[in-house]
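S.K.: Below you'll find the structure I mean.
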Protein chains: 2
Amino acid sequence: MVSKRDAMNECLDSADDRAIEFWFEFGSNYSYLSVMRIEEAAARLGVSVRWKPFLLGPIFRSFGWETSPFVLQKAKGEYVWRDMARECLKHGLPWTRPTVFPRVALLPLRVALVGAGHSWMGTYCRRMMSLNFAEDREIDSHETVAAVLGKLGLSAQPIIDEAQSAANKLRLRQQTEAAQAKGIFGAPTFFVRGEMFWGNDRLDDALRNAASL
Amino acid sequence: MVSKRDAMNECLDSADDRAIEFWFEFGSNYSYLSVMRIEEAAARLGVSVRWKPFLLGPIFRSFGWETSPFVLQKAKGEYVWRDMARECLKHGLPWTRPTVFPRVALLPLRVALVGAGHSWMGTYCRRMMSLNFAEDREIDSHETVAAVLGKLGLSAQPIIDEAQSAANKLRLRQQTEAAQAKGIFGAPTFFVRGEMFWGNDRLDDALRNAASL
């Protein structure tokens, strides 16, 4: 089930080969690192970003996991927070360990799906991620999303209405199914001309690959 | 249960703070990348390597996994082999996807425990890893280990006898318990002044940390 809009986007993707597909989730801490960095890093290399928000929960549940592996695996979970603090320091990003993890981000992701083709997408995503991972705030509410969109100078209600439409809810489910069909098992994940790169640690490799036509 | 020899090594560790503890397994593909790189990279920064071979199997079994997560998680497993090919290319290392994974390496690890304080350790480990991940050969046999030691100009039998002694078998079990007690959940894992770094992707960070006293 591919919508006309998605089909058009696929065409655009193949028309511009200096592009990176960026599959991410607002609840994912390693997606935070990539969301904050990707737009500037891609622009430096002349690479365009195709934003692909999706739901990580259904992917994890398909593996039989009820939550993040960082919660299910205690030893790895403890390590991840030390790693995040160091990675944020390395990349010059603010960091607060979220008191709730992983945070639900259904409305923010639906809005991201609406925003994916718009110039405000990068700023919107960085703001959402900062709320979760720098300010330790809940993000899955109408009030928070409306405030973020408003601060971008946008009229929030029509965007939220579109995000909450049946068609857009379906698109997010389809995008998540597409992620699964592509073999995505975590976030962030990047694709460059069909080649998969997993994790913020591979963002630079993926971008270099995209830039080298 | 810490042996006199281990206690002495701990003393040596704390006496030289420009050191990196390197916990690895010959069956682990990402350990391959680090084994091949660490000695030269550490030397360049004036950092000494404390080799810590251990058994990954008991760690995985403690999580309820009967084998590597790269086997248990199909999507991640498929990705890992593409990632390995790219990583080897990046680091200028030969690569053949092993037809058996993960390979058992009990005898090679017992010998590595004997070799950990000796000057031949680095070359021995690189040779073992090359057999597994560049030449796709079984490594857990007396014949193979003896041939590798022989090629290093060593008298193989006394080393293998020491490796197979009850005391050394116990030491490998203890080293694996120590890994678990330190919160190790995968390989390779590095420690620098008590700080954990997980994965070949963090080797350079760990080394820089070790070098910056």
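Labels for the structure tokens follow display order: chains A, B, ..., residues from 1 in each chain, ligands from 1.
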Output as a list in words the set of chain A residues within 9 Å of chain B, with distances taken over only C-alpha atoms.
M.R.: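 So the residues of chain A near chain B are Phe63, Gln73, Lys74, Ala75, Lys76, Glu78, Tyr79, Arg82, Asp83, Gly183, Ile184, Phe185, Gly186, Glu195, Met196, Phe197, Trp198 and Asp201 of chain A.
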S.K.: Among chain A, which residues carry a DSSP assignment of strand (DSSP E or B), reported as a tab-separated table (two decimals) with C-alpha atoms, in the first residue's frame?
M.R.:
chain	number	residue	atom	x	y	z
A	19	ALA	CA	20.62	12.03	-0.95
A	20	ILE	CA	20.47	10.23	2.37
A	21	GLU	CA	17.35	8.59	3.75
A	22	PHE	CA	17.21	9.23	7.48
A	23	TRP	CA	14.97	6.86	9.46
A	24	PHE	CA	14.51	8.05	13.03
A	48	SER	CA	20.00	16.29	0.67
A	49	VAL	CA	18.20	14.71	3.62
A	50	ARG	CA	15.06	12.61	3.11
A	51	TRP	CA	13.43	12.59	6.55
A	52	LYS	CA	11.76	9.27	7.38
A	53	PRO	CA	10.09	9.35	10.79
A	189	THR	CA	19.17	4.01	10.22
A	190	PHE	CA	20.38	5.56	6.98
A	191	PHE	CA	20.05	4.43	3.37
A	192	VAL	CA	22.22	5.65	0.54
A	195	GLU	CA	22.84	0.57	1.13
A	196	MET	CA	21.94	0.44	4.83
A	197	PHE	CA	23.95	2.18	7.57
A	198	TRP	CA	22.85	1.63	11.17
S.K.: List the spatial neighbours of stretch 38-42 of chain B as a list in words - criterion: any atom at most 10 Å away, only C-alpha atoms, same-chain residues fewer than 6 positions off excluded.
M.R.: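 Everything that qualifies: Arg18, Ala19, Ile20, Phe22, Ser48, Val49, Met121, Gly122, Thr123, Arg126, Asn200, Leu203, Asp204, Ala206, Leu207, Arg208, Ala210 and Ala211 of chain B.
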S.K.: Can you tell me, as a CSV table (one decimal) with N, CA and C atoms, in the first residue's frame, which residues in stretch 21-172 of chain A count as alpha helix (DSSP H) by DSSP?
M.R.:
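Produced file states-v5.csv, reproduced below:
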chain,number,residue,atom,x,y,z
A,29,ASN,N,17.4,7.6,21.7
A,29,ASN,CA,18.5,8.5,22.2
A,29,ASN,C,19.6,8.6,21.1
A,30,TYR,N,19.9,7.5,20.4
A,30,TYR,CA,20.9,7.6,19.4
A,30,TYR,C,20.4,8.4,18.2
A,31,SER,N,19.1,8.4,17.9
A,31,SER,CA,18.5,9.3,16.9
A,31,SER,C,18.7,10.7,17.3
A,32,TYR,N,18.6,11.0,18.6
A,32,TYR,CA,18.9,12.4,19.0
A,32,TYR,C,20.2,12.9,18.5
A,33,LEU,N,21.3,12.2,18.6
A,33,LEU,CA,22.6,12.6,18.1
A,33,LEU,C,22.5,12.9,16.6
A,34,SER,N,21.9,12.1,15.8
A,34,SER,CA,21.8,12.2,14.4
A,34,SER,C,20.9,13.4,14.0
A,35,VAL,N,19.8,13.5,14.6
A,35,VAL,CA,18.8,14.6,14.3
A,35,VAL,C,19.5,15.9,14.5
A,36,MET,N,20.3,16.1,15.6
A,36,MET,CA,21.0,17.3,15.9
A,36,MET,C,22.1,17.7,14.8
A,37,ARG,N,22.6,16.6,14.2
A,37,ARG,CA,23.8,16.9,13.4
A,37,ARG,C,23.6,16.8,11.9
A,38,ILE,N,22.5,16.1,11.5
A,38,ILE,CA,22.5,15.6,10.1
A,38,ILE,C,22.3,16.8,9.1
A,39,GLU,N,21.5,17.8,9.4
A,39,GLU,CA,21.2,18.8,8.4
A,39,GLU,C,22.4,19.6,8.0
A,40,GLU,N,23.2,20.0,9.0
A,40,GLU,CA,24.4,20.8,8.8
A,40,GLU,C,25.4,19.9,8.1
A,41,ALA,N,25.6,18.7,8.6
A,41,ALA,CA,26.7,17.8,8.1
A,41,ALA,C,26.4,17.5,6.6
A,42,ALA,N,25.1,17.2,6.3
A,42,ALA,CA,24.7,16.9,4.9
A,42,ALA,C,24.9,18.1,4.0
A,43,ALA,N,24.5,19.3,4.5
A,43,ALA,CA,24.6,20.5,3.6
A,43,ALA,C,26.1,20.7,3.3
A,44,ARG,N,27.0,20.5,4.3
A,44,ARG,CA,28.4,20.7,4.0
A,44,ARG,C,28.9,19.9,2.9
A,56,LEU,N,9.3,3.1,16.3
A,56,LEU,CA,10.3,2.0,16.6
A,56,LEU,C,9.6,0.9,17.4
A,57,GLY,N,8.5,1.2,18.2
A,57,GLY,CA,7.8,0.3,19.0
A,57,GLY,C,7.4,-1.0,18.3
A,58,PRO,N,6.6,-0.9,17.2
A,58,PRO,CA,6.2,-2.0,16.4
A,58,PRO,C,7.3,-2.9,15.9
A,59,ILE,N,8.4,-2.3,15.6
A,59,ILE,CA,9.6,-3.1,15.2
A,59,ILE,C,10.1,-3.9,16.3
A,60,PHE,N,10.3,-3.3,17.5
A,60,PHE,CA,10.8,-4.0,18.7
A,60,PHE,C,9.8,-5.1,19.0
A,61,ARG,N,8.5,-4.8,19.0
A,61,ARG,CA,7.5,-5.8,19.3
A,61,ARG,C,7.6,-7.0,18.4
A,62,SER,N,7.9,-6.7,17.1
A,62,SER,CA,8.0,-7.9,16.2
A,62,SER,C,9.2,-8.8,16.5
A,69,PRO,N,15.6,-2.3,23.9
A,69,PRO,CA,16.6,-3.2,24.4
A,69,PRO,C,17.5,-2.6,25.5
A,70,PHE,N,17.5,-1.2,25.6
A,70,PHE,CA,18.3,-0.6,26.6
A,70,PHE,C,17.6,-0.7,28.0
A,71,VAL,N,16.3,-1.0,27.9
A,71,VAL,CA,15.6,-1.2,29.2
A,71,VAL,C,15.7,-2.7,29.5
A,72,LEU,N,15.5,-3.5,28.5
A,72,LEU,CA,15.4,-5.0,28.7
A,72,LEU,C,16.8,-5.6,29.1
A,74,LYS,N,19.9,-5.0,31.1
A,74,LYS,CA,20.3,-4.1,32.2
A,74,LYS,C,21.7,-3.5,32.0
A,75,ALA,N,22.7,-4.5,31.7
A,75,ALA,CA,24.1,-4.1,31.6
A,75,ALA,C,24.3,-3.1,30.4
A,76,LYS,N,23.7,-3.4,29.3
A,76,LYS,CA,23.8,-2.5,28.1
A,76,LYS,C,23.1,-1.2,28.4
A,77,GLY,N,22.0,-1.2,29.1
A,77,GLY,CA,21.2,0.0,29.4
A,77,GLY,C,22.1,0.9,30.2
A,78,GLU,N,22.7,0.4,31.2
A,78,GLU,CA,23.6,1.2,32.1
A,78,GLU,C,24.7,1.9,31.3
A,79,TYR,N,25.3,1.1,30.4
A,79,TYR,CA,26.4,1.6,29.6
A,79,TYR,C,25.9,2.7,28.7
A,80,VAL,N,24.7,2.5,28.1
A,80,VAL,CA,24.3,3.5,27.1
A,80,VAL,C,24.2,4.9,27.6
A,81,TRP,N,23.9,5.1,28.9
A,81,TRP,CA,23.8,6.5,29.4
A,81,TRP,C,25.2,7.1,29.6
A,82,ARG,N,26.2,6.3,29.9
A,82,ARG,CA,27.5,6.8,30.0
A,82,ARG,C,28.0,7.2,28.6
A,83,ASP,N,27.7,6.3,27.7
A,83,ASP,CA,28.1,6.5,26.3
A,83,ASP,C,27.4,7.8,25.7
A,84,MET,N,26.1,8.0,26.0
A,84,MET,CA,25.4,9.1,25.5
A,84,MET,C,26.1,10.4,26.1
A,85,ALA,N,26.4,10.4,27.3
A,85,ALA,CA,27.0,11.6,27.9
A,85,ALA,C,28.3,12.0,27.2
A,86,ARG,N,29.1,10.9,26.9
A,86,ARG,CA,30.4,11.1,26.2
A,86,ARG,C,30.2,11.6,24.8
A,87,GLU,N,29.2,10.9,24.1
A,87,GLU,CA,29.0,11.3,22.7
A,87,GLU,C,28.5,12.7,22.6
A,88,CYS,N,27.6,13.1,23.5
A,88,CYS,CA,27.1,14.5,23.5
A,88,CYS,C,28.2,15.5,23.7
A,89,LEU,N,29.1,15.2,24.6
A,89,LEU,CA,30.3,16.0,24.8
A,89,LEU,C,31.1,16.1,23.5
A,90,LYS,N,31.3,15.0,22.9
A,90,LYS,CA,32.1,14.9,21.7
A,90,LYS,C,31.5,15.8,20.6
A,91,HIS,N,30.2,15.8,20.5
A,91,HIS,CA,29.5,16.5,19.4
A,91,HIS,C,29.1,17.9,19.8
A,106,LEU,N,4.1,9.8,19.6
A,106,LEU,CA,3.2,9.5,18.5
A,106,LEU,C,2.8,10.8,17.8
A,107,LEU,N,2.3,11.8,18.5
A,107,LEU,CA,1.9,13.0,17.8
A,107,LEU,C,3.1,13.7,17.2
A,108,PRO,N,4.2,13.8,17.9
A,108,PRO,CA,5.4,14.5,17.3
A,108,PRO,C,5.8,13.7,16.0
A,109,LEU,N,5.7,12.4,15.9
A,109,LEU,CA,6.1,11.7,14.7
A,109,LEU,C,5.0,11.9,13.6
A,110,ARG,N,3.8,11.9,14.0
A,110,ARG,CA,2.8,12.2,12.9
A,110,ARG,C,3.0,13.6,12.3
A,111,VAL,N,3.3,14.6,13.2
A,111,VAL,CA,3.6,15.9,12.7
A,111,VAL,C,4.8,15.9,11.8
A,112,ALA,N,5.8,15.1,12.2
A,112,ALA,CA,7.1,15.0,11.4
A,112,ALA,C,6.8,14.5,10.0
A,113,LEU,N,5.8,13.6,10.0
A,113,LEU,CA,5.5,13.0,8.7
A,113,LEU,C,4.9,14.1,7.8
A,114,VAL,N,4.1,15.0,8.4
A,114,VAL,CA,3.6,16.1,7.6
A,114,VAL,C,4.7,17.0,7.2
A,115,GLY,N,5.6,17.2,8.1
A,115,GLY,CA,6.7,18.2,7.9
A,115,GLY,C,7.8,17.8,7.0
A,121,MET,N,11.2,21.4,8.7
A,121,MET,CA,11.4,20.0,9.3
A,121,MET,C,12.6,19.9,10.2
A,122,GLY,N,13.7,20.3,9.8
A,122,GLY,CA,15.0,20.2,10.6
A,122,GLY,C,14.9,20.8,11.9
A,123,THR,N,14.4,22.1,11.9
A,123,THR,CA,14.3,22.9,13.2
A,123,THR,C,13.3,22.2,14.1
A,124,TYR,N,12.2,21.8,13.5
A,124,TYR,CA,11.1,21.1,14.3
A,124,TYR,C,11.7,19.9,15.0
A,125,CYS,N,12.4,19.1,14.2
A,125,CYS,CA,12.9,17.8,14.8
A,125,CYS,C,13.9,18.1,15.9
A,126,ARG,N,14.8,19.0,15.6
A,126,ARG,CA,15.8,19.4,16.7
A,126,ARG,C,15.2,19.9,17.9
A,127,ARG,N,14.1,20.6,17.8
A,127,ARG,CA,13.4,21.2,19.0
A,127,ARG,C,12.8,20.0,19.8
A,128,MET,N,12.1,19.1,19.0
A,128,MET,CA,11.5,18.0,19.7
A,128,MET,C,12.5,17.1,20.5
A,129,MET,N,13.6,16.8,19.8
A,129,MET,CA,14.7,16.0,20.4
A,129,MET,C,15.3,16.7,21.6
A,130,SER,N,15.5,18.0,21.5
A,130,SER,CA,16.0,18.8,22.6
A,130,SER,C,15.1,18.7,23.9
A,131,LEU,N,13.8,18.8,23.6
A,131,LEU,CA,12.9,18.7,24.7
A,131,LEU,C,13.0,17.4,25.5
A,132,ASN,N,13.2,16.3,24.7
A,132,ASN,CA,13.3,14.9,25.3
A,132,ASN,C,14.7,14.7,25.9
A,133,PHE,N,15.7,15.0,25.2
A,133,PHE,CA,17.1,14.6,25.7
A,133,PHE,C,17.9,15.7,26.2
A,142,HIS,N,-0.6,17.6,22.6
A,142,HIS,CA,-1.0,18.7,21.7
A,142,HIS,C,-0.4,20.0,22.1
A,143,GLU,N,-0.4,20.3,23.4
A,143,GLU,CA,0.1,21.6,23.9
A,143,GLU,C,1.6,21.8,23.5
A,144,THR,N,2.4,20.7,23.8
A,144,THR,CA,3.8,20.8,23.5
A,144,THR,C,4.1,21.0,22.0
A,145,VAL,N,3.5,20.1,21.2
A,145,VAL,CA,3.7,20.2,19.8
A,145,VAL,C,3.2,21.5,19.2
A,146,ALA,N,2.1,22.0,19.7
A,146,ALA,CA,1.5,23.3,19.2
A,146,ALA,C,2.5,24.4,19.6
A,147,ALA,N,3.1,24.4,20.8
A,147,ALA,CA,4.0,25.4,21.2
A,147,ALA,C,5.2,25.4,20.3
A,148,VAL,N,5.7,24.2,20.0
A,148,VAL,CA,6.9,24.1,19.2
A,148,VAL,C,6.7,24.7,17.8
A,149,LEU,N,5.5,24.3,17.2
A,149,LEU,CA,5.2,24.8,15.8
A,149,LEU,C,5.0,26.3,15.9
A,150,GLY,N,4.3,26.8,16.9
A,150,GLY,CA,4.1,28.2,17.0
A,150,GLY,C,5.4,29.0,17.1
A,151,LYS,N,6.4,28.5,17.8
A,151,LYS,CA,7.7,29.1,17.9
A,151,LYS,C,8.4,29.2,16.6
A,156,ALA,N,-0.2,26.3,14.0
A,156,ALA,CA,-0.1,24.9,14.5
A,156,ALA,C,-1.3,24.1,14.2
A,157,GLN,N,-2.5,24.7,14.4
A,157,GLN,CA,-3.7,23.8,14.4
A,157,GLN,C,-3.9,23.1,13.1
A,158,PRO,N,-3.8,23.8,11.9
A,158,PRO,CA,-4.0,23.1,10.6
A,158,PRO,C,-2.9,21.9,10.5
A,159,ILE,N,-1.7,22.2,10.9
A,159,ILE,CA,-0.7,21.1,10.8
A,159,ILE,C,-1.1,19.9,11.7
A,160,ILE,N,-1.5,20.2,12.9
A,160,ILE,CA,-1.9,19.1,13.8
A,160,ILE,C,-3.1,18.4,13.3
A,161,ASP,N,-4.0,19.2,12.7
A,161,ASP,CA,-5.2,18.5,12.2
A,161,ASP,C,-4.8,17.6,11.0
A,162,GLU,N,-3.9,18.0,10.2
A,162,GLU,CA,-3.5,17.1,9.1
A,162,GLU,C,-2.7,15.9,9.7
A,163,ALA,N,-1.9,16.2,10.7
A,163,ALA,CA,-1.2,15.1,11.3
A,163,ALA,C,-2.1,14.0,11.9
A,166,ALA,N,-7.0,10.6,9.4
A,166,ALA,CA,-7.0,9.2,9.3
A,166,ALA,C,-5.9,8.8,8.2
A,167,ALA,N,-5.8,9.6,7.2
A,167,ALA,CA,-4.9,9.4,6.1
A,167,ALA,C,-3.5,9.4,6.6
A,168,ASN,N,-3.2,10.4,7.4
A,168,ASN,CA,-1.8,10.6,7.9
A,168,ASN,C,-1.4,9.5,8.9
A,169,LYS,N,-2.4,9.1,9.8
A,169,LYS,CA,-2.2,8.0,10.7
A,169,LYS,C,-1.8,6.8,10.0
A,170,LEU,N,-2.6,6.5,8.9
A,170,LEU,CA,-2.3,5.4,8.1
A,170,LEU,C,-0.9,5.4,7.5
A,171,ARG,N,-0.5,6.6,7.0
A,171,ARG,CA,0.8,6.8,6.4
A,171,ARG,C,1.9,6.5,7.4
A,172,LEU,N,1.7,6.8,8.6
A,172,LEU,CA,2.8,6.5,9.6
A,172,LEU,C,2.9,5.0,9.8
